[in-house]
$ cat upload_7.txt   # compact mmCIF, N, CA and C atoms
# COMPACT_ATOMS: atom_id res chain seq x y z
N MET Z 1 -14.66 -41.07 -8.67
CA MET Z 1 -14.98 -41.77 -9.88
C MET Z 1 -16.26 -42.57 -9.66
N LYS Z 2 -17.21 -42.41 -10.53
CA LYS Z 2 -18.48 -43.12 -10.45
C LYS Z 2 -18.55 -44.11 -11.60
N ASN Z 3 -18.71 -45.37 -11.27
CA ASN Z 3 -18.79 -46.43 -12.28
C ASN Z 3 -17.60 -46.43 -13.22
N GLY Z 4 -16.45 -46.08 -12.70
CA GLY Z 4 -15.23 -46.11 -13.50
C GLY Z 4 -15.12 -44.98 -14.51
N ILE Z 5 -16.00 -44.00 -14.45
CA ILE Z 5 -15.98 -42.89 -15.40
C ILE Z 5 -15.49 -41.65 -14.68
N ARG Z 6 -14.47 -41.04 -15.23
CA ARG Z 6 -13.95 -39.80 -14.65
C ARG Z 6 -14.68 -38.61 -15.25
N LYS Z 7 -15.04 -37.71 -14.41
CA LYS Z 7 -15.71 -36.51 -14.88
C LYS Z 7 -14.66 -35.43 -15.12
N GLN Z 8 -14.69 -34.84 -16.27
CA GLN Z 8 -13.78 -33.75 -16.61
C GLN Z 8 -14.35 -32.45 -16.06
N ILE Z 9 -13.53 -31.71 -15.37
CA ILE Z 9 -13.94 -30.41 -14.86
C ILE Z 9 -13.17 -29.35 -15.62
N SER Z 10 -13.90 -28.42 -16.15
CA SER Z 10 -13.27 -27.34 -16.90
C SER Z 10 -12.65 -26.34 -15.94
N ILE Z 11 -11.39 -26.06 -16.13
CA ILE Z 11 -10.68 -25.08 -15.31
C ILE Z 11 -11.37 -23.72 -15.41
N ASP Z 12 -11.93 -23.41 -16.56
CA ASP Z 12 -12.60 -22.12 -16.76
C ASP Z 12 -13.78 -21.94 -15.81
N LYS Z 13 -14.40 -23.03 -15.40
CA LYS Z 13 -15.60 -22.94 -14.57
C LYS Z 13 -15.31 -22.93 -13.08
N LEU Z 14 -14.06 -23.16 -12.70
CA LEU Z 14 -13.70 -23.13 -11.29
C LEU Z 14 -13.48 -21.69 -10.84
N LEU Z 15 -13.98 -21.38 -9.65
CA LEU Z 15 -13.76 -20.06 -9.08
C LEU Z 15 -12.37 -19.97 -8.48
N SER Z 16 -11.74 -18.82 -8.62
CA SER Z 16 -10.50 -18.60 -7.89
C SER Z 16 -10.87 -18.44 -6.43
N PHE Z 17 -9.90 -18.58 -5.54
CA PHE Z 17 -10.20 -18.42 -4.12
C PHE Z 17 -10.70 -17.01 -3.83
N ASP Z 18 -10.10 -16.01 -4.47
CA ASP Z 18 -10.54 -14.63 -4.27
C ASP Z 18 -11.99 -14.45 -4.72
N ASP Z 19 -12.35 -15.04 -5.86
CA ASP Z 19 -13.73 -14.95 -6.34
C ASP Z 19 -14.68 -15.68 -5.39
N PHE Z 20 -14.23 -16.82 -4.88
CA PHE Z 20 -15.04 -17.56 -3.92
C PHE Z 20 -15.30 -16.73 -2.67
N LYS Z 21 -14.24 -16.08 -2.14
CA LYS Z 21 -14.39 -15.23 -0.96
C LYS Z 21 -15.37 -14.10 -1.22
N LYS Z 22 -15.21 -13.42 -2.37
CA LYS Z 22 -16.10 -12.31 -2.70
C LYS Z 22 -17.55 -12.78 -2.74
N GLU Z 23 -17.77 -13.90 -3.40
CA GLU Z 23 -19.13 -14.44 -3.52
C GLU Z 23 -19.68 -14.84 -2.14
N TYR Z 24 -18.86 -15.50 -1.35
CA TYR Z 24 -19.28 -15.94 -0.02
C TYR Z 24 -19.62 -14.74 0.86
N PHE Z 25 -18.73 -13.76 0.93
CA PHE Z 25 -18.95 -12.61 1.79
C PHE Z 25 -20.12 -11.75 1.30
N ALA Z 26 -20.35 -11.71 -0.01
CA ALA Z 26 -21.50 -10.98 -0.53
C ALA Z 26 -22.80 -11.62 -0.05
N LYS Z 27 -22.80 -12.94 0.06
CA LYS Z 27 -23.99 -13.67 0.51
C LYS Z 27 -24.08 -13.73 2.04
N ASN Z 28 -22.97 -13.49 2.74
CA ASN Z 28 -22.92 -13.63 4.19
C ASN Z 28 -22.26 -12.42 4.84
N PRO Z 29 -22.87 -11.23 4.73
CA PRO Z 29 -22.23 -10.02 5.28
C PRO Z 29 -22.02 -10.09 6.79
N GLU Z 30 -22.82 -10.88 7.49
CA GLU Z 30 -22.64 -11.00 8.94
C GLU Z 30 -21.30 -11.65 9.26
N ASP Z 31 -20.80 -12.51 8.38
CA ASP Z 31 -19.49 -13.12 8.59
C ASP Z 31 -18.37 -12.10 8.43
N VAL Z 32 -18.55 -11.15 7.51
CA VAL Z 32 -17.56 -10.07 7.35
C VAL Z 32 -17.51 -9.27 8.64
N ALA Z 33 -18.67 -8.95 9.19
CA ALA Z 33 -18.72 -8.18 10.43
C ALA Z 33 -18.06 -8.94 11.58
N LEU Z 34 -18.30 -10.23 11.68
CA LEU Z 34 -17.68 -11.05 12.74
C LEU Z 34 -16.17 -11.12 12.58
N LEU Z 35 -15.70 -11.32 11.36
CA LEU Z 35 -14.25 -11.37 11.12
C LEU Z 35 -13.60 -10.03 11.41
N LYS Z 36 -14.26 -8.97 10.99
CA LYS Z 36 -13.74 -7.63 11.24
C LYS Z 36 -13.62 -7.39 12.74
N GLN Z 37 -14.65 -7.72 13.48
CA GLN Z 37 -14.64 -7.54 14.93
C GLN Z 37 -13.55 -8.39 15.57
N SER Z 38 -13.37 -9.59 15.07
CA SER Z 38 -12.34 -10.48 15.60
C SER Z 38 -10.94 -9.90 15.41
N VAL Z 39 -10.70 -9.34 14.23
CA VAL Z 39 -9.40 -8.74 13.93
C VAL Z 39 -9.15 -7.54 14.84
N VAL Z 40 -10.17 -6.70 15.02
CA VAL Z 40 -10.03 -5.52 15.87
C VAL Z 40 -9.84 -5.93 17.32
N ASP Z 41 -10.60 -6.91 17.78
CA ASP Z 41 -10.45 -7.40 19.16
C ASP Z 41 -9.05 -7.94 19.41
N GLU Z 42 -8.53 -8.66 18.42
CA GLU Z 42 -7.18 -9.21 18.55
C GLU Z 42 -6.17 -8.08 18.73
N TYR Z 43 -6.32 -7.02 17.96
CA TYR Z 43 -5.43 -5.87 18.08
C TYR Z 43 -5.60 -5.20 19.45
N ASN Z 44 -6.85 -4.98 19.84
CA ASN Z 44 -7.12 -4.29 21.10
C ASN Z 44 -6.63 -5.07 22.32
N ASN Z 45 -6.57 -6.38 22.21
CA ASN Z 45 -6.11 -7.21 23.33
C ASN Z 45 -4.62 -7.52 23.27
N SER Z 46 -3.95 -6.97 22.27
CA SER Z 46 -2.53 -7.22 22.08
C SER Z 46 -1.70 -6.19 22.84
N ASP Z 47 -0.47 -6.56 23.15
CA ASP Z 47 0.46 -5.62 23.75
C ASP Z 47 1.16 -4.77 22.69
N ASP Z 48 1.00 -5.17 21.42
CA ASP Z 48 1.65 -4.45 20.32
C ASP Z 48 0.75 -3.30 19.88
N ILE Z 49 1.14 -2.09 20.23
CA ILE Z 49 0.36 -0.91 19.85
C ILE Z 49 1.08 -0.09 18.78
N SER Z 50 1.94 -0.76 18.04
CA SER Z 50 2.72 -0.06 17.02
C SER Z 50 1.86 0.33 15.82
N LEU Z 51 2.37 1.27 15.05
CA LEU Z 51 1.70 1.67 13.82
C LEU Z 51 1.61 0.49 12.86
N GLU Z 52 2.63 -0.34 12.84
CA GLU Z 52 2.63 -1.50 11.96
C GLU Z 52 1.49 -2.46 12.30
N ALA Z 53 1.25 -2.66 13.60
CA ALA Z 53 0.17 -3.56 14.03
C ALA Z 53 -1.19 -2.98 13.64
N LEU Z 54 -1.37 -1.68 13.86
CA LEU Z 54 -2.62 -1.02 13.48
C LEU Z 54 -2.83 -1.10 11.97
N THR Z 55 -1.78 -0.85 11.22
CA THR Z 55 -1.86 -0.91 9.77
C THR Z 55 -2.23 -2.32 9.31
N ALA Z 56 -1.66 -3.34 9.96
CA ALA Z 56 -1.98 -4.72 9.60
C ALA Z 56 -3.46 -5.03 9.83
N VAL Z 57 -4.01 -4.51 10.92
CA VAL Z 57 -5.44 -4.70 11.20
C VAL Z 57 -6.29 -4.04 10.12
N LEU Z 58 -5.96 -2.81 9.80
CA LEU Z 58 -6.74 -2.09 8.78
C LEU Z 58 -6.57 -2.73 7.40
N GLN Z 59 -5.41 -3.28 7.13
CA GLN Z 59 -5.19 -3.99 5.87
C GLN Z 59 -6.13 -5.19 5.78
N LYS Z 60 -6.30 -5.92 6.88
CA LYS Z 60 -7.22 -7.06 6.89
C LYS Z 60 -8.66 -6.60 6.65
N VAL Z 61 -9.02 -5.47 7.23
CA VAL Z 61 -10.36 -4.92 7.03
C VAL Z 61 -10.57 -4.59 5.55
N VAL Z 62 -9.58 -3.95 4.94
CA VAL Z 62 -9.68 -3.60 3.52
C VAL Z 62 -9.83 -4.85 2.68
N LYS Z 63 -9.05 -5.89 2.99
CA LYS Z 63 -9.15 -7.14 2.23
C LYS Z 63 -10.52 -7.79 2.41
N LEU Z 64 -11.04 -7.76 3.63
CA LEU Z 64 -12.36 -8.35 3.87
C LEU Z 64 -13.46 -7.62 3.11
N GLU Z 65 -13.39 -6.32 3.11
CA GLU Z 65 -14.43 -5.50 2.49
C GLU Z 65 -14.25 -5.33 0.99
N GLY Z 66 -13.01 -5.40 0.55
CA GLY Z 66 -12.71 -5.19 -0.86
C GLY Z 66 -12.17 -3.79 -1.10
N VAL Z 67 -11.06 -3.70 -1.79
CA VAL Z 67 -10.38 -2.42 -2.01
C VAL Z 67 -11.28 -1.43 -2.74
N THR Z 68 -12.00 -1.91 -3.75
CA THR Z 68 -12.85 -1.01 -4.53
C THR Z 68 -13.93 -0.38 -3.66
N LYS Z 69 -14.58 -1.19 -2.83
CA LYS Z 69 -15.64 -0.67 -1.95
C LYS Z 69 -15.07 0.34 -0.95
N VAL Z 70 -13.94 0.00 -0.34
CA VAL Z 70 -13.33 0.91 0.63
C VAL Z 70 -12.92 2.21 -0.05
N ALA Z 71 -12.31 2.11 -1.21
CA ALA Z 71 -11.88 3.31 -1.94
C ALA Z 71 -13.07 4.21 -2.25
N ARG Z 72 -14.13 3.60 -2.75
CA ARG Z 72 -15.32 4.37 -3.12
C ARG Z 72 -15.93 5.07 -1.90
N GLU Z 73 -16.05 4.36 -0.79
CA GLU Z 73 -16.74 4.92 0.37
C GLU Z 73 -15.87 5.85 1.23
N THR Z 74 -14.55 5.82 1.03
CA THR Z 74 -13.67 6.70 1.80
C THR Z 74 -13.12 7.86 0.95
N ASN Z 75 -13.46 7.87 -0.33
CA ASN Z 75 -12.92 8.85 -1.27
C ASN Z 75 -11.40 8.80 -1.35
N LEU Z 76 -10.85 7.62 -1.14
CA LEU Z 76 -9.42 7.39 -1.34
C LEU Z 76 -9.27 6.58 -2.62
N SER Z 77 -8.14 6.73 -3.29
CA SER Z 77 -7.95 5.96 -4.52
C SER Z 77 -7.53 4.53 -4.19
N ARG Z 78 -7.86 3.63 -5.10
CA ARG Z 78 -7.43 2.24 -4.93
C ARG Z 78 -5.90 2.18 -4.83
N GLU Z 79 -5.23 2.99 -5.64
CA GLU Z 79 -3.77 3.01 -5.64
C GLU Z 79 -3.24 3.44 -4.28
N ASN Z 80 -3.88 4.45 -3.69
CA ASN Z 80 -3.48 4.92 -2.37
C ASN Z 80 -3.62 3.79 -1.35
N LEU Z 81 -4.74 3.09 -1.40
CA LEU Z 81 -4.95 1.98 -0.46
C LEU Z 81 -3.93 0.88 -0.66
N HIS Z 82 -3.69 0.51 -1.92
CA HIS Z 82 -2.69 -0.53 -2.20
C HIS Z 82 -1.32 -0.10 -1.69
N ARG Z 83 -0.95 1.15 -1.95
CA ARG Z 83 0.36 1.66 -1.52
C ARG Z 83 0.45 1.72 0.00
N THR Z 84 -0.61 2.21 0.64
CA THR Z 84 -0.63 2.33 2.10
C THR Z 84 -0.43 0.99 2.78
N PHE Z 85 -1.09 -0.02 2.27
CA PHE Z 85 -1.08 -1.32 2.94
C PHE Z 85 -0.11 -2.32 2.31
N SER Z 86 0.83 -1.81 1.51
CA SER Z 86 1.88 -2.68 0.97
C SER Z 86 2.97 -2.83 2.04
N LEU Z 87 3.90 -3.72 1.79
CA LEU Z 87 4.99 -3.95 2.75
C LEU Z 87 5.81 -2.69 2.99
N LYS Z 88 5.94 -1.87 1.97
CA LYS Z 88 6.74 -0.65 2.09
C LYS Z 88 5.85 0.57 2.32
N GLY Z 89 4.59 0.34 2.66
CA GLY Z 89 3.64 1.44 2.84
C GLY Z 89 4.02 2.36 3.98
N ASN Z 90 3.67 3.60 3.82
CA ASN Z 90 3.90 4.61 4.84
C ASN Z 90 2.57 5.34 5.04
N PRO Z 91 1.69 4.75 5.85
CA PRO Z 91 0.34 5.29 5.95
C PRO Z 91 0.28 6.68 6.56
N ARG Z 92 -0.61 7.48 6.01
CA ARG Z 92 -0.86 8.82 6.55
C ARG Z 92 -2.02 8.73 7.53
N ALA Z 93 -2.04 9.65 8.46
CA ALA Z 93 -3.12 9.68 9.45
C ALA Z 93 -4.48 9.77 8.77
N LYS Z 94 -4.56 10.54 7.69
CA LYS Z 94 -5.82 10.71 6.96
C LYS Z 94 -6.34 9.36 6.45
N THR Z 95 -5.45 8.55 5.90
CA THR Z 95 -5.84 7.25 5.36
C THR Z 95 -6.26 6.31 6.48
N ILE Z 96 -5.48 6.26 7.54
CA ILE Z 96 -5.80 5.38 8.67
C ILE Z 96 -7.14 5.77 9.27
N THR Z 97 -7.36 7.06 9.46
CA THR Z 97 -8.62 7.54 10.03
C THR Z 97 -9.79 7.20 9.12
N ALA Z 98 -9.63 7.40 7.83
CA ALA Z 98 -10.71 7.13 6.88
C ALA Z 98 -11.09 5.65 6.86
N VAL Z 99 -10.08 4.78 6.85
CA VAL Z 99 -10.36 3.34 6.83
C VAL Z 99 -10.97 2.90 8.15
N ALA Z 100 -10.48 3.43 9.25
CA ALA Z 100 -11.05 3.09 10.56
C ALA Z 100 -12.51 3.52 10.62
N ARG Z 101 -12.81 4.73 10.16
CA ARG Z 101 -14.20 5.20 10.15
C ARG Z 101 -15.06 4.31 9.26
N PHE Z 102 -14.54 3.96 8.11
CA PHE Z 102 -15.27 3.08 7.20
C PHE Z 102 -15.64 1.78 7.91
N ALA Z 103 -14.71 1.26 8.71
CA ALA Z 103 -14.92 0.00 9.42
C ALA Z 103 -15.83 0.17 10.64
N GLY Z 104 -16.16 1.42 10.96
CA GLY Z 104 -17.03 1.68 12.09
C GLY Z 104 -16.30 1.96 13.39
N TYR Z 105 -15.05 2.40 13.29
CA TYR Z 105 -14.24 2.67 14.47
C TYR Z 105 -13.65 4.06 14.39
N LYS Z 106 -13.14 4.53 15.51
CA LYS Z 106 -12.38 5.77 15.52
C LYS Z 106 -11.05 5.50 16.20
N ILE Z 107 -10.08 6.28 15.85
CA ILE Z 107 -8.77 6.17 16.48
C ILE Z 107 -8.86 6.96 17.77
N ALA Z 108 -8.48 6.33 18.88
CA ALA Z 108 -8.57 6.99 20.18
C ALA Z 108 -7.32 6.69 21.00
N LEU Z 109 -6.98 7.63 21.84
CA LEU Z 109 -5.89 7.41 22.78
C LEU Z 109 -6.48 6.99 24.11
N VAL Z 110 -5.98 5.90 24.62
CA VAL Z 110 -6.46 5.41 25.92
C VAL Z 110 -5.25 5.21 26.82
N PRO Z 111 -5.42 5.37 28.11
CA PRO Z 111 -4.28 5.20 29.02
C PRO Z 111 -3.75 3.77 28.98
N LEU Z 112 -2.45 3.66 29.07
CA LEU Z 112 -1.82 2.34 29.18
C LEU Z 112 -1.90 1.91 30.64
N HIS Z 113 -2.29 0.71 30.85
CA HIS Z 113 -2.35 0.17 32.21
C HIS Z 113 -1.19 -0.78 32.40
N LYS Z 114 -0.44 -0.58 33.44
CA LYS Z 114 0.72 -1.45 33.67
C LYS Z 114 0.55 -2.18 34.97
$ encode --input "upload_7.txt" --output "structure tokens"
Amino acid sequence: MKNGIRKQISIDKLLSFDDFKKEYFAKNPEDVALLKQSVVDEYNNSDDISLEALTAVLQKVVKLEGVTKVARETNLSRENLHRTFSLKGNPRAKTITAVARFAGYKIALVPLHK
């Protein structure tokens, strides 16, 4: 409050958090790349190599990049991506491979070290 006067803020003019993220990441693509790398590194350094863990990583990538952009660049439908990465999703190898490639990665088998 300045000089006892309250300023009214119009709810219509406030950005939703999703809109804020989109705007921020559009202006700061290097941050998207850093977050993406961080998510992938976390998975790669984890002992959890389950399909669920991999799917969770790719879901974060899709959210960071935006479903529409991923769908357009992978030739997958938005509905397919939403379904794949939902709680009841059953991802196909084709979808996982396409999203991984989009993110700049490939799915590879590496020896387990014990």
$ closest_atom_pairs --input "upload_7.txt" --of "range 36-89 of chain Z" --to "range 93-107 of chain Z" --cutoff "8 Å" --atoms "only C-alpha atoms" --output "tab-separated table"
residue	atom	partner	partner_atom	distance
Z:Lys36	CA	Z:Ala103	CA	7.9
Z:Thr55	CA	Z:Ile96	CA	7.5
Z:Leu58	CA	Z:Val99	CA	6.8
Z:Val61	CA	Z:Ala103	CA	7.1
Z:Val62	CA	Z:Val99	CA	7.7
Z:Val70	CA	Z:Phe102	CA	7.2
Z:Glu73	CA	Z:Phe102	CA	7.2
Z:Thr74	CA	Z:Ala98	CA	5.9
Z:Leu76	CA	Z:Thr95	CA	7.6
Z:Leu81	CA	Z:Thr95	CA	7.9
Z:Thr84	CA	Z:Thr95	CA	7.9
$ select_by_dssp --input "upload_7.txt" --residues "chain Z" --states "helix (DSSP H, G or I)" --output "ChimeraX atom specification"
/Z:11-13,17-27,29-44,51-65,67-74,78-84,93-102
$ atom_distance --input "upload_7.txt" --atom1 "CA of Phe20 in chain Z" --atom2 "CA of Glu52 in chain Z"
28.7 Å
$ residues_around --input "upload_7.txt" --residues "Asp47 in chain Z" --least-positions-apart "4" --cutoff "12 Å" --atoms "only C-alpha atoms" --output "ChimeraX atom specification"
/Z:41-43,53-54,112-114
$ atom_distance --input "upload_7.txt" --atom1 "CA of Leu35 in chain Z" --atom2 "atom N of Leu14 in chain Z"
26.6 Å
$ closest_residue --input "upload_7.txt" --among "Z:Asn90, Z:Asn80, Z:Glu65, Z:Asn75" --to "Glu23 in chain Z" --atoms "only C-alpha atoms"
Z:Glu65
$ atom_distance --input "upload_7.txt" --atom1 "CA of Pro91 in chain Z" --atom2 "CA of Glu30 in chain Z"
28.3 Å
$ closest_residue --input "upload_7.txt" --among "Z:Val57, Z:Leu51, Z:Ser38, Z:Leu64" --to "Phe25 in chain Z" --atoms "only N, CA and C atoms"
Z:Leu64
